[in-house]
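See below for the structure under consideration.
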Amino acid sequence: MIRFKPGASRRVPPRLVSRALTLAVPTAWGAAAVAYRLTCPLARDDTLGARLVSSAVLCAIGTGLVMHVRRGLLRELRRARRIAEAAQSVVLRPPPPRVDGLAVAAVHLSADRGARIGGDLYEVIATEHGVRAVIGDVRGHGLGAVRTVAAVLGSFREAAHDEPELAGVLRRLERAMARHLRERAHDGHDPALGTGDTAAGEEFVTVLLLEILPDGEMRALNCGHPWPHLLTGARAEPLARTDPLPPLGPFPLPSDLPAVPCGRLLPGDALVLHTDGAEEARDAEGRFFPLPEILTEAARARPPTPQSVLGKVLAALLRHSVGPLKDDVALLVLRNERHARHPVPELRPCARTTADPR
């Protein structure tokens with residue numbers, strides 16, 4: 001049996017109330033203008049003084065209408081920004097300050113003015129398989145790239161816990177990217193996304209997956225992304241120098257995906273993961289940003305905390321760049337603050353191929 005509450009049918013939807021209140025002020029201003037025109041003797045007087053008074057009254061009414069519309073637009077803009085910031089914080093959420101004994105700090109600078117995220121992505125998660133981190137760079141920037149960032153990060157956050165091997169995580173990311181590209185090709189290009197969007201057939205993402213075990217042992221899989229820098233002692237050096245795999249999107253990955261051993265992250269050492277926007281920023285003379293030199297200076301600080309490393313790099317990057325950034329920049333810093341309970345072997349050389357210039 002269906003029962004109706006008394007008076008339920010008389011309730012006015014809140015949206016109608018809000019719309020009525022929005023229209024009340026301009027209606028009142030318009031009524032005041034009509035009443036002045038019909039009832040005030042000055043409105044029918046043709047003398048110069050009366051015309052000046054009438055013009056001032058109508059100008060005040062017009063100004064009131066404009067200010068009311070302006071306040072409404074600003075209110076809607078602030079509401080849209082709050083919604084966008086909430087959505088962006090879910091997609092590219094800030095990492096916790098500590099993850100399983102590792103101090104963590106991250107920053108992202110978007111090339112799109114007014115946006116907080118763009119085509120760069122990062123995440124770090126503590127799992128039963130070790131601490132796993134990802135950093136990536138989607139071709140292009142803007143709202144179109146945000147969709148790809150959401151697809152890749154969503155897949156990583158699930159696969160990092162489910163897959164026992166790093167290669168399995170990368171396979172899941174590859175399938176998620178392929179699914180995303182198929183959906184975009186099926187839906188077609190949305191003009192509302194703007195000119196920063198990239199065609200589905202031309203889109204790709206560079207990705208670096210990193211795994212840090214409890215004893216500091218590191219393994220990585222790199223799909224076309226810059227290698228991280230290891231800050232150890234008073235120097236900064238690339239984590240590895242092997243040739244990377246192709247980016248996700250345009251080409252399938254090879255059947256065999258062996259993780260690259262990258263030595264140990266000793267207590268007190270830090271690791272800096274970054275996107276190519278940090279390396280390719282140019283100054284007024286066209287010179288690239290000297291990221292290795294800046295990281296070497298940051299490594300000399302004792303201790304090189306993630307916050308101090310980020311501050312050093314960002315300050316130097318903003319001094320170096322001319323005008324707004326041309327590409328998104330993402331930095332993720334991990335520092336080992338675990339206490340070693342047993343002697344740790346010396347840092348082994350990272351895997352190198354025969355193409356290594358050294």
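Order determines the names: the first chain of the structure tokens is A, the second B, and so forth; residues in each chain are numbered 1 upward, and ligands are numbered 1 upward as they are shown.
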
Per residue of segment 202-306 of chain A within 12 Å of segment 154-159 of chain A, record the nearest atom pair and its distance in Å to one decimal, counting only C-alpha atoms, with rows in chain order and ascending residue number, as a tab-separated table.
```
residue	atom	partner	partner_atom	distance
A:Val207	CA	A:Phe156	CA	10.9
A:Leu208	CA	A:Phe156	CA	11.5
A:Leu209	CA	A:Phe156	CA	9.5
A:Leu210	CA	A:Phe156	CA	11.8
```

### Query
Where does DSSP see helix (DSSP H, G or I) in segment 128-235 of chain A, if you list the residues as an MDAnalysis selection string?
chainID A and resid 143:162 166:187 191:193 200:202

Once you have the residues from the selection above, write them out as a compact mmCIF listing (two decimals), in the first residue's frame, restricted to N, CA and C atoms.
```
# COMPACT_ATOMS: atom_id res chain seq x y z
N LEU A 143 42.30 19.29 -21.06
CA LEU A 143 41.24 18.38 -20.61
C LEU A 143 41.29 17.04 -21.32
N GLY A 144 41.71 17.03 -22.59
CA GLY A 144 41.80 15.76 -23.30
C GLY A 144 42.79 14.82 -22.66
N ALA A 145 43.93 15.36 -22.20
CA ALA A 145 44.94 14.53 -21.55
C ALA A 145 44.49 14.05 -20.17
N VAL A 146 43.62 14.82 -19.51
CA VAL A 146 43.15 14.42 -18.18
C VAL A 146 42.39 13.10 -18.25
N ARG A 147 41.64 12.88 -19.33
CA ARG A 147 40.91 11.62 -19.48
C ARG A 147 41.88 10.43 -19.53
N THR A 148 42.99 10.60 -20.25
CA THR A 148 43.98 9.52 -20.32
C THR A 148 44.65 9.32 -18.97
N VAL A 149 44.96 10.41 -18.27
CA VAL A 149 45.55 10.31 -16.94
C VAL A 149 44.64 9.51 -16.01
N ALA A 150 43.35 9.79 -16.05
CA ALA A 150 42.40 9.08 -15.19
C ALA A 150 42.37 7.60 -15.53
N ALA A 151 42.42 7.26 -16.82
CA ALA A 151 42.39 5.84 -17.22
C ALA A 151 43.63 5.10 -16.74
N VAL A 152 44.81 5.71 -16.90
CA VAL A 152 46.05 5.04 -16.53
C VAL A 152 46.17 4.92 -15.01
N LEU A 153 45.89 6.00 -14.29
CA LEU A 153 46.02 5.96 -12.83
C LEU A 153 45.00 5.01 -12.21
N GLY A 154 43.77 4.99 -12.74
CA GLY A 154 42.78 4.07 -12.21
C GLY A 154 43.22 2.62 -12.35
N SER A 155 43.81 2.29 -13.49
CA SER A 155 44.30 0.93 -13.69
C SER A 155 45.48 0.61 -12.78
N PHE A 156 46.39 1.57 -12.61
CA PHE A 156 47.57 1.32 -11.76
C PHE A 156 47.16 1.10 -10.31
N ARG A 157 46.21 1.88 -9.81
CA ARG A 157 45.82 1.76 -8.41
C ARG A 157 45.23 0.40 -8.09
N GLU A 158 44.62 -0.24 -9.07
CA GLU A 158 44.12 -1.60 -8.86
C GLU A 158 45.22 -2.64 -9.09
N ALA A 159 45.95 -2.50 -10.22
CA ALA A 159 46.93 -3.52 -10.58
C ALA A 159 48.09 -3.58 -9.60
N ALA A 160 48.47 -2.44 -8.99
CA ALA A 160 49.61 -2.44 -8.07
C ALA A 160 49.37 -3.38 -6.90
N HIS A 161 48.14 -3.55 -6.48
CA HIS A 161 47.83 -4.47 -5.38
C HIS A 161 47.60 -5.90 -5.88
N ASP A 162 47.08 -6.04 -7.09
CA ASP A 162 46.66 -7.36 -7.56
C ASP A 162 47.79 -8.18 -8.17
N LEU A 166 55.93 -6.93 -11.51
CA LEU A 166 55.83 -5.60 -12.10
C LEU A 166 55.38 -5.69 -13.56
N ALA A 167 55.77 -6.76 -14.25
CA ALA A 167 55.36 -6.93 -15.64
C ALA A 167 53.84 -7.06 -15.74
N GLY A 168 53.21 -7.71 -14.75
CA GLY A 168 51.75 -7.81 -14.77
C GLY A 168 51.08 -6.46 -14.62
N VAL A 169 51.68 -5.57 -13.82
CA VAL A 169 51.13 -4.22 -13.67
C VAL A 169 51.19 -3.49 -15.01
N LEU A 170 52.32 -3.61 -15.70
CA LEU A 170 52.46 -2.93 -16.99
C LEU A 170 51.49 -3.48 -18.02
N ARG A 171 51.25 -4.78 -18.02
CA ARG A 171 50.28 -5.36 -18.93
C ARG A 171 48.88 -4.78 -18.68
N ARG A 172 48.54 -4.62 -17.42
CA ARG A 172 47.23 -4.05 -17.09
C ARG A 172 47.13 -2.61 -17.58
N LEU A 173 48.21 -1.85 -17.44
CA LEU A 173 48.20 -0.47 -17.94
C LEU A 173 48.06 -0.45 -19.46
N GLU A 174 48.73 -1.38 -20.13
CA GLU A 174 48.63 -1.44 -21.59
C GLU A 174 47.20 -1.73 -22.02
N ARG A 175 46.54 -2.66 -21.35
CA ARG A 175 45.16 -2.97 -21.71
C ARG A 175 44.22 -1.81 -21.40
N ALA A 176 44.46 -1.12 -20.29
CA ALA A 176 43.62 0.03 -19.96
C ALA A 176 43.79 1.15 -20.98
N MET A 177 45.03 1.36 -21.43
CA MET A 177 45.27 2.38 -22.44
C MET A 177 44.60 2.01 -23.76
N ALA A 178 44.71 0.75 -24.16
CA ALA A 178 44.07 0.31 -25.41
C ALA A 178 42.55 0.46 -25.32
N ARG A 179 41.97 0.13 -24.17
CA ARG A 179 40.54 0.29 -23.98
C ARG A 179 40.13 1.75 -24.08
N HIS A 180 40.93 2.61 -23.46
CA HIS A 180 40.65 4.05 -23.49
C HIS A 180 40.70 4.60 -24.91
N LEU A 181 41.69 4.19 -25.69
CA LEU A 181 41.81 4.67 -27.06
C LEU A 181 40.65 4.18 -27.93
N ARG A 182 40.21 2.93 -27.70
CA ARG A 182 39.06 2.43 -28.45
C ARG A 182 37.80 3.22 -28.14
N GLU A 183 37.61 3.55 -26.86
CA GLU A 183 36.44 4.32 -26.48
C GLU A 183 36.48 5.72 -27.08
N ARG A 184 37.65 6.32 -27.09
CA ARG A 184 37.76 7.66 -27.68
C ARG A 184 37.52 7.63 -29.18
N ALA A 185 38.04 6.60 -29.84
CA ALA A 185 37.83 6.50 -31.29
C ALA A 185 36.35 6.27 -31.60
N HIS A 186 35.66 5.54 -30.72
CA HIS A 186 34.24 5.29 -30.94
C HIS A 186 33.42 6.53 -30.68
N ASP A 187 33.75 7.28 -29.62
CA ASP A 187 32.98 8.47 -29.27
C ASP A 187 33.26 9.63 -30.21
N PRO A 191 34.52 18.67 -29.43
CA PRO A 191 35.05 20.02 -29.60
C PRO A 191 35.10 20.81 -28.30
N ALA A 192 34.29 20.42 -27.33
CA ALA A 192 34.29 21.16 -26.06
C ALA A 192 35.58 21.01 -25.30
N LEU A 193 36.39 20.00 -25.66
CA LEU A 193 37.64 19.79 -24.93
C LEU A 193 38.71 20.79 -25.34
N ALA A 200 42.69 10.33 -31.05
CA ALA A 200 42.89 9.04 -30.39
C ALA A 200 43.98 8.24 -31.06
N GLY A 201 44.08 8.31 -32.39
CA GLY A 201 45.10 7.55 -33.09
C GLY A 201 46.50 8.06 -32.90
N GLU A 202 46.66 9.29 -32.37
CA GLU A 202 47.97 9.89 -32.19
C GLU A 202 48.37 9.96 -30.72
```

#### Entry: Distance query Val104 of chain A at most 6 Å, only C-alpha atoms, self and fewer than 5 positions along chain excluded, as a PyMOL selection string
chain A and resi 97-98+333-334

Generate the output file for the selected residues, C-alpha atoms, as an mmCIF file, in the first residue's frame.
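Written output follows (result36.cif):
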```
data_model
loop_
_atom_site.group_PDB
_atom_site.id
_atom_site.type_symbol
_atom_site.label_atom_id
_atom_site.label_comp_id
_atom_site.auth_asym_id
_atom_site.auth_seq_id
_atom_site.Cartn_x
_atom_site.Cartn_y
_atom_site.Cartn_z
ATOM 1 C CA PRO A 97 54.023 12.228 3.464
ATOM 2 C CA ARG A 98 55.236 8.706 4.319
ATOM 3 C CA VAL A 333 60.691 12.431 -4.628
ATOM 4 C CA LEU A 334 61.122 9.311 -2.481
#
```

### Query
If you run DSSP on this backbone, which residues of segment 206-266 of chain A come out as strand (DSSP E), and could you give them as a PyMOL selection string?
chain A and resi 206-212+217-223+229-232+235-238+260-264

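A straight line drawn from atom CA of Val107 of chain A to atom CA of Glu297 of chain A is 19.1 Å long.
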
Give one line per residue of segment 303-322 of chain A that approaches segment 268-277 of chain A to at most 9 Å, naming the two atoms of the closest pair and their distance in Å to one decimal, counting only C-alpha atoms; sort by chain then ascending residue number and deliver it as CSV.
```
residue,atom,partner,partner_atom,distance
A:Pro303,CA,A:Gly268,CA,7.4
A:Pro304,CA,A:Ala270,CA,7.3
A:Thr305,CA,A:Ala270,CA,7.9
A:Pro306,CA,A:Ala270,CA,7.6
A:Val309,CA,A:Val272,CA,8.5
```

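The interatomic distance for the pair atom CA of Asp120 of chain A and atom CA of Pro214 of chain A works out to 27.7 Å.
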